[in-house]
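Scroll down for the structure; my scribbles are underneath it.
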Amino acid sequence: MSMETTAWTQLHSVLYARQERRPLARATLRRIGAFARPHRRRIALFVALGMVTALLAVATPVLAGRVVDAIVSGGDPGTVVRLALLIALIAVAEAVLGILGRRLSAILGEGLILDLRTAVFDHVQRMPVAFFTRTRTGALVSRLNNDVIGAQRAFSNTLSGVVSNVVTLLLTLAVMLTLSWQITLLALVLLPVFVVPARRMGSRMARMQREAATLNAAMSTRMTERFSAPGATLVKLFGRPEQESEEFAARARRVRDIGIRTATAQSAFITALTLVSALALALVYGLGGFLALRGALEPGSVVALALLLTRLYAPLTALAGARVEVMSALVSFERVFEVLDLEPLIKEKPDAREVPDGPVAVEFDNVRFGYPSADKVSLASLEEIASPDASPRAPGSVRAEEASGGTEVLHGISFRAEPGQTVALVGSSGAGKSTIAQLLPRLYDVDEGAVRIGGIDVRDLTFASLRATLGMVTQDGHLFHDSVRANLLLARPSATDEELWDVLRRARLDDLVRSLPDGLDTVVGERGYRLSGGERQRMTIARLLLARQRVVILDEATAHLDNTSEAAVQEALAEALENCTAIVIAHRLSTVRAADLILVVEDGRIVERGTHDELLAADGRYAELYRTQFAQRPDDGADGADGTRRTALAGRAAA
């Protein structure tokens, strides 16, 4: 390893390691050991390869010195040839061991990354919805990427580096002391001149690197927002191109400026360390040459000492920064373990039961509920806003009651939907209707009372059974950035193409999908953005039809749709609700006229209940909501502006 290479290695170390000083946490080390245990044989082999490589690295300078001595003394040419061949064999051995070590390092590192990422991903999947409503997605993804990779370096880089550097350092010092103790002491005296600038300049450059990363993140965030389909549409509708260009250019200029400063500092850093190395070599050659001319040192020893000098400074410099690397790896491990240690608030009981076969009833029994506080479901480090440029949450992703946490929002909710019946929830925005719906699939758990399906508390049911029984359609109609086929198969992975086309036909989407360039394999875009709002809703309904679930929740499934889209969605819903027990949440009261039971929810309480006609006759809150909606549309009738459009519930009743 040359002095310049050593300088670059030290630079990389200080740039990409967290500058933290903390005691070694034994608990963390034990947990790291648990992750490392399955790889212990490979780790032992990896360390052994590092030690052998260190031995070979020290042997080459010694042999080179003997070659010089043989040449100067006019020795046997065969000796020179044999020494040269031995040096060549060592070089080949070093190359082979280097490839093997690199492969083993990759196997260890990537294996650890796989184990950690899988553990974190599986654990996060078990977290409740409350965790995701509070957590920044970018921060969570960073734990799966940056911190996992940082932890991996502990095995692929730090472990082998510390072992091989210690062996190399001890062997080099031993050999150098046997050749010339004077030159060895001189080399050690010059060591601070090499290390101190590396530490001080490295810390300064690390700060610049972090600043550059922040500025790059700000620029990338702006690009990501503007280049997404919704963002690009918003900019085209309301944005001013000149202002957008100026703001982006300002961010890009800051990135450019920090890049220039960093590049200049890097150049000065490497040049300074290389200069110190060159001066050290000059001193070795000067003092060594002087001693050689006086007969106190062999000429070959001078060459060997000069070559060994690089083997001395490189491990010393690396070991000087080893603590930073170890601490960096520990911090990464701790950040990963922090996520793994967060216990899911909602768990499946060991003796959980299955939902009974056949049609099932849904019952809420004196349910009280308040959204859990942040300390119960999330981590402060995953919630905090990283910078003013951080992307805001999606509209509606966190409601006010969720943000407050700990405050009771449902007060004694009780009702029952018999098998095959439809219960509609109506009321003002924020009254608690969606909260009631989210308790049924255990997106949250009640604080008091019970939610039952088929007479069994949902907390006593297996997750798989609950998912197989209950389906939900929300107002946003979320789709993944994947094909039509993949989005549908989420409901039932074993479904055939014939079944997919059948549910698309029933959801009034088969003609649309057949017209797409790749049919079922057409990618729908991020969040299904290539489809209209009504088409996205019908896709989610098709997915619901494919799942064949016995309990269906419709949470504002036709909200924000135009009349034509709503008509198509309502026709699809009419089929989806056949023979199902349904909980329907709606602001448009015309869509729930045919419900078996209508519940009026206000401030987390059921204030009225009955059929449409009964509630109108009672002239209470429902009647007030009804008059408000239809006061300016006296001819709207029950089913829409033209008075003829059939709602899902009306169609179901007719069936």
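Residue numbering restarts at 1 for every chain of the structure tokens, chains are lettered A, B, ... in their displayed order, and ligands are numbered from 1 as they appear.
Residues within 8 Å of stretch 66-69 of chain A, counting only C-alpha atoms and excluding same-chain residues fewer than 3 positions away, are Val62, Leu63, Val72, Ser73, Val80, Leu83, Ala84, Glu298, Pro299, Gly300, Ser301 and Val303 of chain A.
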Would you mind exporting the chosen residues as an mmCIF file, in the first residue's frame, restricted to N, CA and C atoms?
data_model
loop_
_atom_site.group_PDB
_atom_site.id
_atom_site.type_symbol
_atom_site.label_atom_id
_atom_site.label_comp_id
_atom_site.auth_asym_id
_atom_site.auth_seq_id
_atom_site.Cartn_x
_atom_site.Cartn_y
_atom_site.Cartn_z
ATOM 1 N N VAL A 62 11.351 -7.504 2.892
ATOM 2 C CA VAL A 62 12.551 -8.188 3.380
ATOM 3 C C VAL A 62 13.260 -8.904 2.237
ATOM 4 N N LEU A 63 12.501 -9.597 1.422
ATOM 5 C CA LEU A 63 13.096 -10.289 0.273
ATOM 6 C C LEU A 63 13.683 -9.306 -0.732
ATOM 7 N N VAL A 72 24.522 -6.064 -4.787
ATOM 8 C CA VAL A 72 25.631 -5.206 -4.382
ATOM 9 C C VAL A 72 26.874 -6.033 -4.051
ATOM 10 N N SER A 73 26.682 -7.158 -3.419
ATOM 11 C CA SER A 73 27.814 -7.991 -3.005
ATOM 12 C C SER A 73 28.346 -8.878 -4.132
ATOM 13 N N VAL A 80 19.629 -14.509 -6.745
ATOM 14 C CA VAL A 80 18.787 -13.368 -7.118
ATOM 15 C C VAL A 80 17.527 -13.864 -7.829
ATOM 16 N N LEU A 83 15.195 -15.532 -5.329
ATOM 17 C CA LEU A 83 14.519 -14.514 -4.521
ATOM 18 C C LEU A 83 13.438 -13.793 -5.333
ATOM 19 N N ALA A 84 13.759 -13.505 -6.595
ATOM 20 C CA ALA A 84 12.779 -12.834 -7.462
ATOM 21 C C ALA A 84 11.556 -13.720 -7.686
ATOM 22 N N GLU A 298 23.419 -2.711 5.930
ATOM 23 C CA GLU A 298 23.498 -3.251 4.576
ATOM 24 C C GLU A 298 22.642 -2.411 3.634
ATOM 25 N N PRO A 299 23.081 -2.243 2.361
ATOM 26 C CA PRO A 299 22.268 -1.470 1.403
ATOM 27 C C PRO A 299 20.861 -2.039 1.230
ATOM 28 N N GLY A 300 20.785 -3.363 1.215
ATOM 29 C CA GLY A 300 19.454 -3.977 1.072
ATOM 30 C C GLY A 300 18.551 -3.668 2.240
ATOM 31 N N SER A 301 19.137 -3.477 3.415
ATOM 32 C CA SER A 301 18.324 -3.148 4.586
ATOM 33 C C SER A 301 17.704 -1.762 4.452
ATOM 34 N N VAL A 303 16.745 -0.380 1.620
ATOM 35 C CA VAL A 303 15.591 -0.550 0.726
ATOM 36 C C VAL A 303 14.446 -1.228 1.467
#
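For stretch 475-482 of chain A, the list of residues within 9 Å, based on only C-alpha atoms and with local chain neighbours fewer than 5 positions off taken out, reads Asn487, Asp521, Thr522, Val523, Val524, Gly525, Glu526, Arg527, Gly528, Tyr529, Gly533, Gly534, Glu535, Arg536, Gln537, Arg538, Met539, Thr540, Ile541, Leu554, Asp555, Glu556, Ala557, Thr558, Ala559 and His560 of chain A.
By only C-alpha atoms, and with residues fewer than 2 positions from stretch 501-504 of chain A along its chain excluded, the set lying at most 10 Å from it is Arg485, Leu488, Thr496, Asp497, Glu498, Glu499, Arg506, Ala507, Arg508, Leu509, Asp510, Asp511, Leu512, Val513, Arg514, Leu520, Arg538, Met539, Ile541, Ala542, Arg543, Leu544, Leu545, Leu546, Ala547, Ala572, Glu575 and Ala576 of chain A.
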Resulting file, chosen residues, N, CA and C atoms, as a PDB file, in the first residue's frame:
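Output (result-v7.pdb):
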ATOM      1  N   ARG A 485     -52.258  -6.758 -13.070  1.00  0.00           N
ATOM      2  CA  ARG A 485     -52.291  -8.126 -12.558  1.00  0.00           C
ATOM      3  C   ARG A 485     -51.764  -8.189 -11.125  1.00  0.00           C
ATOM      4  N   LEU A 488     -54.074  -6.753  -8.516  1.00  0.00           N
ATOM      5  CA  LEU A 488     -55.226  -7.596  -8.225  1.00  0.00           C
ATOM      6  C   LEU A 488     -54.833  -8.829  -7.422  1.00  0.00           C
ATOM      7  N   THR A 496     -56.433 -17.204 -11.265  1.00  0.00           N
ATOM      8  CA  THR A 496     -56.083 -17.397 -12.675  1.00  0.00           C
ATOM      9  C   THR A 496     -56.434 -16.149 -13.477  1.00  0.00           C
ATOM     10  N   ASP A 497     -55.970 -16.093 -14.724  1.00  0.00           N
ATOM     11  CA  ASP A 497     -56.304 -14.965 -15.585  1.00  0.00           C
ATOM     12  C   ASP A 497     -57.813 -14.885 -15.834  1.00  0.00           C
ATOM     13  N   GLU A 498     -58.438 -16.043 -15.961  1.00  0.00           N
ATOM     14  CA  GLU A 498     -59.886 -16.054 -16.170  1.00  0.00           C
ATOM     15  C   GLU A 498     -60.613 -15.402 -14.992  1.00  0.00           C
ATOM     16  N   GLU A 499     -60.144 -15.684 -13.787  1.00  0.00           N
ATOM     17  CA  GLU A 499     -60.755 -15.073 -12.604  1.00  0.00           C
ATOM     18  C   GLU A 499     -60.486 -13.574 -12.556  1.00  0.00           C
ATOM     19  N   ARG A 506     -66.931  -7.626 -13.736  1.00  0.00           N
ATOM     20  CA  ARG A 506     -67.916  -7.295 -12.710  1.00  0.00           C
ATOM     21  C   ARG A 506     -67.690  -5.901 -12.129  1.00  0.00           C
ATOM     22  N   ALA A 507     -66.432  -5.429 -12.168  1.00  0.00           N
ATOM     23  CA  ALA A 507     -66.125  -4.078 -11.690  1.00  0.00           C
ATOM     24  C   ALA A 507     -66.206  -3.037 -12.805  1.00  0.00           C
ATOM     25  N   ARG A 508     -66.711  -3.466 -13.992  1.00  0.00           N
ATOM     26  CA  ARG A 508     -66.878  -2.564 -15.143  1.00  0.00           C
ATOM     27  C   ARG A 508     -65.528  -1.990 -15.598  1.00  0.00           C
ATOM     28  N   LEU A 509     -64.503  -2.851 -15.597  1.00  0.00           N
ATOM     29  CA  LEU A 509     -63.160  -2.395 -15.979  1.00  0.00           C
ATOM     30  C   LEU A 509     -62.551  -3.232 -17.094  1.00  0.00           C
ATOM     31  N   ASP A 510     -63.213  -4.303 -17.512  1.00  0.00           N
ATOM     32  CA  ASP A 510     -62.573  -5.201 -18.468  1.00  0.00           C
ATOM     33  C   ASP A 510     -62.300  -4.520 -19.807  1.00  0.00           C
ATOM     34  N   ASP A 511     -63.224  -3.684 -20.289  1.00  0.00           N
ATOM     35  CA  ASP A 511     -63.000  -2.992 -21.565  1.00  0.00           C
ATOM     36  C   ASP A 511     -61.801  -2.055 -21.469  1.00  0.00           C
ATOM     37  N   LEU A 512     -61.696  -1.338 -20.336  1.00  0.00           N
ATOM     38  CA  LEU A 512     -60.565  -0.428 -20.153  1.00  0.00           C
ATOM     39  C   LEU A 512     -59.245  -1.189 -20.154  1.00  0.00           C
ATOM     40  N   VAL A 513     -59.161  -2.269 -19.377  1.00  0.00           N
ATOM     41  CA  VAL A 513     -57.906  -3.007 -19.273  1.00  0.00           C
ATOM     42  C   VAL A 513     -57.537  -3.641 -20.612  1.00  0.00           C
ATOM     43  N   ARG A 514     -58.519  -4.121 -21.379  1.00  0.00           N
ATOM     44  CA  ARG A 514     -58.218  -4.706 -22.690  1.00  0.00           C
ATOM     45  C   ARG A 514     -57.671  -3.649 -23.652  1.00  0.00           C
ATOM     46  N   LEU A 520     -53.350  -6.876 -18.859  1.00  0.00           N
ATOM     47  CA  LEU A 520     -53.154  -7.112 -17.427  1.00  0.00           C
ATOM     48  C   LEU A 520     -51.760  -6.741 -16.956  1.00  0.00           C
ATOM     49  N   ARG A 538     -62.607   1.392  -8.920  1.00  0.00           N
ATOM     50  CA  ARG A 538     -63.115   0.132  -9.464  1.00  0.00           C
ATOM     51  C   ARG A 538     -62.042  -0.956  -9.429  1.00  0.00           C
ATOM     52  N   MET A 539     -60.776  -0.567  -9.526  1.00  0.00           N
ATOM     53  CA  MET A 539     -59.689  -1.546  -9.370  1.00  0.00           C
ATOM     54  C   MET A 539     -59.679  -2.117  -7.958  1.00  0.00           C
ATOM     55  N   ILE A 541     -62.220  -2.277  -6.012  1.00  0.00           N
ATOM     56  CA  ILE A 541     -63.428  -3.100  -5.874  1.00  0.00           C
ATOM     57  C   ILE A 541     -63.212  -4.453  -6.548  1.00  0.00           C
ATOM     58  N   ALA A 542     -62.540  -4.458  -7.707  1.00  0.00           N
ATOM     59  CA  ALA A 542     -62.215  -5.727  -8.366  1.00  0.00           C
ATOM     60  C   ALA A 542     -61.347  -6.590  -7.464  1.00  0.00           C
ATOM     61  N   ARG A 543     -60.431  -5.951  -6.779  1.00  0.00           N
ATOM     62  CA  ARG A 543     -59.581  -6.681  -5.833  1.00  0.00           C
ATOM     63  C   ARG A 543     -60.427  -7.261  -4.696  1.00  0.00           C
ATOM     64  N   LEU A 544     -61.411  -6.489  -4.259  1.00  0.00           N
ATOM     65  CA  LEU A 544     -62.315  -6.954  -3.200  1.00  0.00           C
ATOM     66  C   LEU A 544     -63.143  -8.147  -3.683  1.00  0.00           C
ATOM     67  N   LEU A 545     -63.624  -8.062  -4.915  1.00  0.00           N
ATOM     68  CA  LEU A 545     -64.408  -9.173  -5.475  1.00  0.00           C
ATOM     69  C   LEU A 545     -63.563 -10.434  -5.583  1.00  0.00           C
ATOM     70  N   LEU A 546     -62.289 -10.269  -5.927  1.00  0.00           N
ATOM     71  CA  LEU A 546     -61.401 -11.417  -6.060  1.00  0.00           C
ATOM     72  C   LEU A 546     -61.141 -12.074  -4.713  1.00  0.00           C
ATOM     73  N   ALA A 547     -61.109 -11.264  -3.660  1.00  0.00           N
ATOM     74  CA  ALA A 547     -60.818 -11.792  -2.325  1.00  0.00           C
ATOM     75  C   ALA A 547     -61.975 -12.624  -1.764  1.00  0.00           C
ATOM     76  N   ALA A 572     -70.483  -1.464  -9.515  1.00  0.00           N
ATOM     77  CA  ALA A 572     -69.519  -2.484  -9.092  1.00  0.00           C
ATOM     78  C   ALA A 572     -69.718  -2.837  -7.627  1.00  0.00           C
ATOM     79  N   GLU A 575     -72.438  -5.468  -6.762  1.00  0.00           N
ATOM     80  CA  GLU A 575     -72.030  -6.873  -6.831  1.00  0.00           C
ATOM     81  C   GLU A 575     -71.121  -7.233  -5.666  1.00  0.00           C
ATOM     82  N   ALA A 576     -70.252  -6.309  -5.278  1.00  0.00           N
ATOM     83  CA  ALA A 576     -69.299  -6.600  -4.205  1.00  0.00           C
ATOM     84  C   ALA A 576     -70.010  -6.838  -2.878  1.00  0.00           C
TER      85      ALA A 576
END
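The nearest approach to A:Asp365 among the residues A:Arg40, A:Arg294, A:Arg353, A:His411, with only C-alpha atoms taken into account, belongs to A:His411.
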Residue among A:Val189, A:Ile270, A:Leu439, A:Leu144 lying closest to A:Thr118, counting only C-alpha atoms: A:Leu144
Near-stretch 447-461 of chain A list (7 Å; only C-alpha atoms; drop same-chain fewer than 6 positions) as a PyMOL selection string: chain A and resi 349+352-356+360-369+440
Every residue of stretch 245-467 of chain A that DSSP places in helix (DSSP H, G or I), as a VMD selection string: chain A and resid 245 to 293 299 to 320 322 to 340 374 to 377 380 to 383 400 to 404 433 to 439 458 to 460 463 to 467
Polymer residues at most 9 Å from A:Val58, only C-alpha atoms, same-chain spacing of 5 or more positions, as an MDAnalysis selection string: chainID A and resid 53 168 171:172 175 308 311
Residues as selected, C-alpha atoms, written as a PDB file, in the first residue's frame, can you do that?
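selection-v6.pdb, freshly written:
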ATOM      1  CA  THR A  53      -2.037 -11.561   3.939  1.00  0.00           C
ATOM      2  CA  THR A 168       1.080  -6.135  10.095  1.00  0.00           C
ATOM      3  CA  LEU A 171       5.542  -7.863  12.345  1.00  0.00           C
ATOM      4  CA  THR A 172       6.732  -4.665  10.674  1.00  0.00           C
ATOM      5  CA  VAL A 175      11.505  -6.655  11.406  1.00  0.00           C
ATOM      6  CA  LEU A 308       8.505  -1.430   5.371  1.00  0.00           C
ATOM      7  CA  ARG A 311       3.651  -1.099   6.055  1.00  0.00           C
TER       8      ARG A 311
END
12 Å contact set for stretch 90-101 of chain A, only C-alpha atoms, chain neighbours under 6 positions out, as a PyMOL selection string: chain A and resi 42-64+83-84+107-109+156-157+160-161+164
If you keep C-alpha atoms, can you produce a file of those selected residues as a PDB file, in the first residue's frame?
ATOM      1  CA  ARG A  42     -16.672 -17.627   7.637  1.00  0.00           C
ATOM      2  CA  ILE A  43     -15.612 -14.883  10.049  1.00  0.00           C
ATOM      3  CA  ALA A  44     -12.830 -17.106  11.430  1.00  0.00           C
ATOM      4  CA  LEU A  45     -11.649 -17.918   7.901  1.00  0.00           C
ATOM      5  CA  PHE A  46     -11.852 -14.234   6.982  1.00  0.00           C
ATOM      6  CA  VAL A  47      -9.658 -13.264   9.949  1.00  0.00           C
ATOM      7  CA  ALA A  48      -7.181 -16.049   9.155  1.00  0.00           C
ATOM      8  CA  LEU A  49      -6.876 -14.834   5.556  1.00  0.00           C
ATOM      9  CA  GLY A  50      -6.215 -11.324   6.846  1.00  0.00           C
ATOM     10  CA  MET A  51      -3.396 -12.580   9.071  1.00  0.00           C
ATOM     11  CA  VAL A  52      -1.776 -14.564   6.252  1.00  0.00           C
ATOM     12  CA  THR A  53      -2.037 -11.561   3.939  1.00  0.00           C
ATOM     13  CA  ALA A  54      -0.335  -9.428   6.596  1.00  0.00           C
ATOM     14  CA  LEU A  55       2.537 -11.925   6.840  1.00  0.00           C
ATOM     15  CA  LEU A  56       3.030 -11.877   3.076  1.00  0.00           C
ATOM     16  CA  ALA A  57       2.933  -8.074   3.003  1.00  0.00           C
ATOM     17  CA  VAL A  58       5.890  -7.904   5.408  1.00  0.00           C
ATOM     18  CA  ALA A  59       7.824 -10.668   3.649  1.00  0.00           C
ATOM     19  CA  THR A  60       8.083  -8.854   0.307  1.00  0.00           C
ATOM     20  CA  PRO A  61      10.162  -5.854   1.538  1.00  0.00           C
ATOM     21  CA  VAL A  62      12.551  -8.188   3.380  1.00  0.00           C
ATOM     22  CA  LEU A  63      13.096 -10.289   0.273  1.00  0.00           C
ATOM     23  CA  ALA A  64      13.546  -7.155  -1.828  1.00  0.00           C
ATOM     24  CA  LEU A  83      14.519 -14.514  -4.521  1.00  0.00           C
ATOM     25  CA  ALA A  84      12.779 -12.834  -7.462  1.00  0.00           C
ATOM     26  CA  ILE A 107     -20.391 -12.993   1.426  1.00  0.00           C
ATOM     27  CA  LEU A 108     -20.167 -11.914   5.057  1.00  0.00           C
ATOM     28  CA  GLY A 109     -21.246  -8.343   4.437  1.00  0.00           C
ATOM     29  CA  SER A 156     -16.512  -6.636   5.998  1.00  0.00           C
ATOM     30  CA  ASN A 157     -14.097  -3.774   6.731  1.00  0.00           C
ATOM     31  CA  SER A 160     -10.572  -7.669   9.061  1.00  0.00           C
ATOM     32  CA  GLY A 161      -8.884  -4.279   9.036  1.00  0.00           C
ATOM     33  CA  SER A 164      -4.676  -7.517   9.736  1.00  0.00           C
TER      34      SER A 164
END
